Amino acid sequence: MRTPYSFAGPLFLAITFASLALFVALAAAAFGPEHGAAAAAPSYHFAVITDNEADHARAALRRGCLRAGSEYGVAIEFFGPRFTDNESQLSWLETAVAAKVDGIAVQVPDQALFAPVIDRAVERGIPVVTVEDDAKDSRRGAFVGASNFAIGSRAGALAASASGGRSRIVQIIPEELAPGRGISSDLELSGFREAVKASPGMRIDSVLYSRLGIFSAEEAAQDIVFNRPSIDLIVCYSASDTIGVAQVLVDYNRVGRILVVGFGDDPEIARYVEKGVVAGSVVVDADDMGYRAVATLVSLAKGQRASSFVEIGVRSLDRAAVEAGRDLSGSDGKSP
Amino acid sequence: MLLAFLPAILVMALCSLFSYAASMLYLRETDRIIAGSTFLAGLVENVDRVAVSLEGYLVTRRFESLNAYLQASYELRGKARGIDRSRSYDEGSIMLEDLGNLIDSYLASCDASMNARRQRDIPSYIASYREAGKIGAWIDRDIDRYNRHQLGEQSVRYSRLSSRIAAAQLAALLLIAVISILDLGFVVLTSRRMTGPIMRLAELADRVSQGDFDVGPMREATGDEIETLSGSIDRMVANMRSYLVELREKSALQEKLKEEEMRSLKMAGLLREAELHALQSQINPHFIFNTINAGVQLAMFENASRTGRFMDELARLLRYNLRSLDEDVELRDELDNARNYLSILGTRFGDRVDYRESVDEDALDAAMPRMILQPVLENAYIHGIGQRDGAGAIEVAARREGPLVVVTIRDDGVGMSPPKAAAILEAAVPGPVSSPRAAGHTTGIGMPNVASRLRLFTGREDAIAVESEEGRGTTVTIRLDRRGRG
């Protein structure tokens, strides 16, 4: 390579090196380690045991737990049956105990069933907090959740304002909260009663207990639509009941004639609220609940004292709140 | 050239290496999954074996069963210890940690049951056995959960890996394409650079082969063999051109020489003819010569010495005249003959001529053709002095001038006009003899003949010159080389 081709030598040498470098980069991109957060090893390993893993509120609860987990250095493991199944849920609690986790947060659908296992966990030195529903008589370290009285009174307030203080009311309560088995339905009902006491026109007709999630509430609503024309307001205390009842009202064209006060902030419920099918919904901040549960467990695991009742606030979701929430969700992207 | 293809070759090699590495990576992933599930399957089997052997012992309380249980639980404990229980946020690692702890709990329950059985604490051993059974089920569930999770994880990882590799392979292919295009361009460029000069060379060679040497130099500065080739072709063409010019000059010279030869041949022919004419027109000279010799002897017998001398001079003149014209002589011989001739003329016509000679000694041996001076003297005598009243003088002088010997023949006769003097040497029509055949001429040799023979002999145009003026006589100048032919 002499004079006229003298440019070619360095040029092709440069191309060779460039392609080599590019190739190394490609190989590194293809075979190199995937870059992820190589965080320090967690100092605790907690188990969070809930029912019905697919629930919207559960997703928020998980988010809160994980947020606290990454903040406090805790690895969080979620256990629970796919659908509400107390026996299965209990077995998961037992598994967590046998797996010697450092702490357990459990949502208790059946106090009598869960209390002995909670006690056994505490005996083995595993701190336990109950979440959402308490097991008052167990040796759990703390209860993290909304006060049922507060939920009831919030529902009563929503009912009174939606109906203008005059209606015949049916309340649908999930079976796990039924008196004798559950814990708190009395509190919810008394909260509700307290809230509507000021309006003499509000008359509580009856209290129904829903069993199989959405289907049972649907049956009850259907019964009300066809057989009990005097009823013009239904109060639900679970998200699935709320959705079921709202669906029945839409199907039988009773929207506006029968009011619904619901529970939860599932996207579907928010949609019903926005359309006016559901007058308002009582919402417990599940994200905050998860966060506080983990935070409480961390203090318990460290041997620190913790308040035995960590109260989570209750808010109402009405049309204005849905519209505001949409703007909010647009900005923080947390709630769908 | 090779360097140009280096990147392409390198990248292609790297590409195959890349594919190899990718397949190795896939294989490793698969291996890991299989190894993991093999380990877990073994674990499940081991848990079952512990349960079965424990059951066997609990039922039979035999030493062999206890042994089997201890061995199985020992193995399981070893395996459980092998499980990575390091704490991590990764779901799979958490499940493994759970699994390890569950196995520990399981073994603890099993051991508790066995010990209770040995102590015959029946309610306790049954409770522990039940507990162990439950934990065994949870272990299964945990393994299932872990497997499901791993499968999901692996498939995600696998798809991410394959998409990364696919992207990298695409990029590599693009790289190859780009480099190939670059190479192609380079090849086209290079071949153009190579064939261009070659085609010009071929064109030039074609022109040269058709005899057109008037081609400019190529001067292909390609920096390779082509440059060398074009340079040598340039030199070759230049050489051929100069050689051709030389050849032309040479042939022109040869032509000239040939022409001259022709002229001299013609001249020789003319002389021969003249001799022939002389032979034809005269009696055999030898007869006359011998006759004169006889006359000389007769005069000697009769003591007529003057007659004898005259006859002898005549015989000598004849002898000199009869010798071949081709024979070269020295100036000395010519001068002897000239004196002889003038002496005869003096005897015939009385001393009308005053002959003077002034010759350098060292000019005498200058070579020259025969019968030069006699015709010139004859001319001077007949046309110069003969046509004049009274006696005249003829002077012959010879002297050296550098490499030349200059001979002058001067008469003080009537002379002639310069144009005539110039014309006298050039025969208008070269005839066999000089035109006016006046009385007193001994030979048919005229001045043009003398001039051309002298010029031929010396190779000089100025070998003979005539200067004259009317009434002032004539001077003929002859220039000879001092030695031999020119």
# chains A, B, ... in the order shown; residues from 1 in each chain; ligands from 1
>>> select_by_dssp(residues="segment 162-268 of chain A", states="strand (DSSP E or B)", output="list in words")
Ser167, Arg168, Ile169, Val170, Gln171, Ile172, Ile173, Pro174, Met202, Arg203, Ile204, Asp205, Ser206, Val207, Leu208, Tyr209, Ser210, Leu233, Ile234, Val235, Cys236, Val255, Ile258, Leu259, Val260, Val261, Gly262 and Phe263 of chain A
>>> closest_atom_pairs(of="chain B", to="chain A", cutoff="8 Å", atoms="only C-alpha atoms", output="tab-separated table")
residue	atom	partner	partner_atom	distance
B:Leu3	CA	A:Phe12	CA	6.4
B:Ala4	CA	A:Phe12	CA	5.6
B:Leu6	CA	A:Thr16	CA	6.9
B:Pro7	CA	A:Thr16	CA	4.5
B:Leu10	CA	A:Thr16	CA	7.8
B:Val11	CA	A:Ser19	CA	7.1
B:Leu14	CA	A:Phe23	CA	7.7
B:Phe18	CA	A:Ala27	CA	7.2
B:Ala22	CA	A:Phe31	CA	7.8
B:Leu25	CA	A:Phe31	CA	7.8
B:Arg87	CA	A:Ala41	CA	5.9
B:Ser88	CA	A:Ala41	CA	5.2
B:Tyr89	CA	A:Ala75	CA	4.9
B:Asp90	CA	A:Ala75	CA	7.9
B:Glu91	CA	A:Glu77	CA	7.2
B:Ile94	CA	A:Glu77	CA	7.3
B:Glu97	CA	A:Ala99	CA	7.9
B:Asp98	CA	A:Ala99	CA	4.8
B:Leu99	CA	A:Ala99	CA	6.9
B:Gly100	CA	A:Ala99	CA	7.7
B:Asn101	CA	A:Ala99	CA	4.7
B:Leu102	CA	A:Ala99	CA	4.6
B:Ser105	CA	A:Ala98	CA	5.8
B:Ile135	CA	A:Thr95	CA	7.2
B:Trp138	CA	A:Thr95	CA	6.3
B:Leu161	CA	A:Ala30	CA	7.1
B:Arg164	CA	A:Ala30	CA	5.3
B:Ile165	CA	A:Ala30	CA	5.1
B:Ala168	CA	A:Leu26	CA	5.5
B:Ala171	CA	A:Leu26	CA	7.7
B:Ala172	CA	A:Phe23	CA	7.1
B:Leu175	CA	A:Ser19	CA	7.3
B:Thr222	CA	A:Pro4	CA	6.3
B:Gly223	CA	A:Thr3	CA	5.8
B:Asp224	CA	A:Arg2	CA	7.3
>>> write_last_selection(atoms="C-alpha atoms", output="CSV table (one decimal), in the first residue's frame")
chain,number,residue,atom,x,y,z
B,3,LEU,CA,-6.5,-5.3,5.1
B,4,ALA,CA,-9.7,-4.3,3.5
B,6,LEU,CA,-9.9,-8.0,7.5
B,7,PRO,CA,-12.8,-6.3,9.3
B,10,LEU,CA,-13.0,-10.6,11.7
B,11,VAL,CA,-16.6,-9.6,12.2
B,14,LEU,CA,-16.8,-13.0,15.7
B,18,PHE,CA,-21.2,-14.9,19.0
B,22,ALA,CA,-25.3,-17.6,22.7
B,25,LEU,CA,-25.5,-19.4,27.3
B,87,ARG,CA,-31.5,-13.6,52.6
B,88,SER,CA,-32.5,-11.6,49.6
B,89,TYR,CA,-35.4,-9.6,48.2
B,90,ASP,CA,-35.7,-12.0,45.3
B,91,GLU,CA,-38.9,-14.0,45.5
B,94,ILE,CA,-37.1,-16.2,49.8
B,97,GLU,CA,-35.1,-19.9,52.4
B,98,ASP,CA,-38.6,-21.0,53.4
B,99,LEU,CA,-37.9,-24.4,52.0
B,100,GLY,CA,-34.8,-24.9,54.0
B,101,ASN,CA,-36.5,-23.7,57.2
B,102,LEU,CA,-39.6,-25.9,56.4
B,105,SER,CA,-39.1,-27.8,61.0
B,135,ILE,CA,-45.2,-29.7,57.1
B,138,TRP,CA,-46.3,-27.6,52.8
B,161,LEU,CA,-32.0,-13.2,26.9
B,164,ARG,CA,-31.1,-9.4,23.7
B,165,ILE,CA,-29.2,-11.9,21.7
B,168,ALA,CA,-27.2,-8.2,19.1
B,171,ALA,CA,-26.8,-5.5,15.0
B,172,ALA,CA,-23.9,-7.8,14.1
B,175,LEU,CA,-22.4,-4.4,10.9
B,222,THR,CA,-0.3,4.8,-9.2
B,223,GLY,CA,2.5,3.9,-7.0
B,224,ASP,CA,2.5,0.2,-7.9
>>> select_by_dssp(residues="segment 162-252 of chain A", states="alpha helix (DSSP H)", output="PyMOL selection string")
chain A and resi 162-163+185-196+214-227+239-251
>>> closest_residue(among="A:Asp241, A:Glu274, A:Asp205, A:Asp133", to="Arg319 of chain A", atoms="only C-alpha atoms")
A:Glu274
>>> residues_around(residues="segment 285-297 of chain A", least_positions_apart="4", cutoff="9 Å", atoms="only C-alpha atoms", output="PyMOL selection string")
chain A and resi 46+48+57-69+72+74+76+102-105+127-132+141-146+264+301-302+306-307+310-315
>>> residues_around(residues="Val245 of chain A", least_positions_apart="2", cutoff="9 Å", atoms="only C-alpha atoms", output="PyMOL selection string")
chain A and resi 214+217-222+234+236+240-243+247-250+260
>>> write_last_selection(atoms="C-alpha atoms", output="short mmCIF file (atom, residue, chain, number, x, y, z; two decimals), in the first residue's frame")
data_model
loop_
_atom_site.label_atom_id
_atom_site.label_comp_id
_atom_site.auth_asym_id
_atom_site.auth_seq_id
_atom_site.Cartn_x
_atom_site.Cartn_y
_atom_site.Cartn_z
CA ILE A 214 -69.96 -11.35 44.54
CA ALA A 217 -74.60 -10.19 47.22
CA GLU A 218 -76.09 -10.44 43.74
CA GLU A 219 -78.73 -12.81 45.02
CA ALA A 220 -79.61 -10.48 47.86
CA ALA A 221 -79.88 -7.52 45.51
CA GLN A 222 -82.07 -9.46 43.14
CA ILE A 234 -78.36 -0.75 50.06
CA CYS A 236 -72.32 -2.86 51.33
CA SER A 240 -67.12 -7.56 45.84
CA ASP A 241 -70.58 -7.02 47.39
CA THR A 242 -70.61 -3.46 46.11
CA ILE A 243 -69.78 -4.54 42.55
CA GLN A 247 -74.38 -4.86 38.54
CA VAL A 248 -77.82 -6.11 39.53
CA LEU A 249 -79.15 -2.54 39.69
CA VAL A 250 -77.76 -1.78 36.24
CA VAL A 260 -75.98 2.06 46.91
#
>>> atom_distance(atom1="atom CA of Ala363 of chain B", atom2="atom CA of Arg323 of chain B")
23.2 Å
>>> residues_around(residues="Gln150 of chain B", least_positions_apart="4", cutoff="10 Å", atoms="only C-alpha atoms", output="ChimeraX atom specification")
/B:33,36-37,91-92,144-146,154-157
>>> residues_around(residues="Glu313 of chain B", least_positions_apart="2", cutoff="8 Å", atoms="only C-alpha atoms", output="list in words")
Arg309, Phe310, Met311, Ala315, Arg316, Leu317, Asn340, Tyr341, Ser343 and Ile344 of chain B
>>> write_last_selection(atoms="C-alpha atoms", output="mmCIF file, in the first residue's frame")
data_model
loop_
_atom_site.group_PDB
_atom_site.id
_atom_site.type_symbol
_atom_site.label_atom_id
_atom_site.label_comp_id
_atom_site.auth_asym_id
_atom_site.auth_seq_id
_atom_site.Cartn_x
_atom_site.Cartn_y
_atom_site.Cartn_z
ATOM 1 C CA ARG B 309 66.749 15.273 -76.508
ATOM 2 C CA PHE B 310 63.545 16.535 -78.091
ATOM 3 C CA MET B 311 62.580 13.048 -79.121
ATOM 4 C CA ALA B 315 58.760 9.922 -75.532
ATOM 5 C CA ARG B 316 58.592 10.774 -71.812
ATOM 6 C CA LEU B 317 55.506 12.914 -72.321
ATOM 7 C CA ASN B 340 58.689 18.199 -70.019
ATOM 8 C CA TYR B 341 55.526 19.400 -71.707
ATOM 9 C CA SER B 343 60.012 22.152 -72.949
ATOM 10 C CA ILE B 344 58.370 20.435 -75.940
#
>>> closest_residue(among="B:Leu54, B:Leu364, B:Val237, B:Ala137", to="Arg118 of chain B", atoms="only C-alpha atoms")
B:Leu54
>>> atom_distance(atom1="atom CA of Asp223 of chain A", atom2="atom CA of Asn148 of chain A")
26.9 Å
>>> closest_residue(among="B:Arg272, B:Arg241, B:Arg453, B:Arg49", to="Asp214 of chain B", atoms="only C-alpha atoms")
B:Arg241
>>> residues_around(residues="Leu373 of chain B", least_positions_apart="6", cutoff="12 Å", atoms="only C-alpha atoms", output="PyMOL selection string")
chain B and resi 321+329-342+379-381+395-398+407-410+445-447+450-451+454+464+476-478
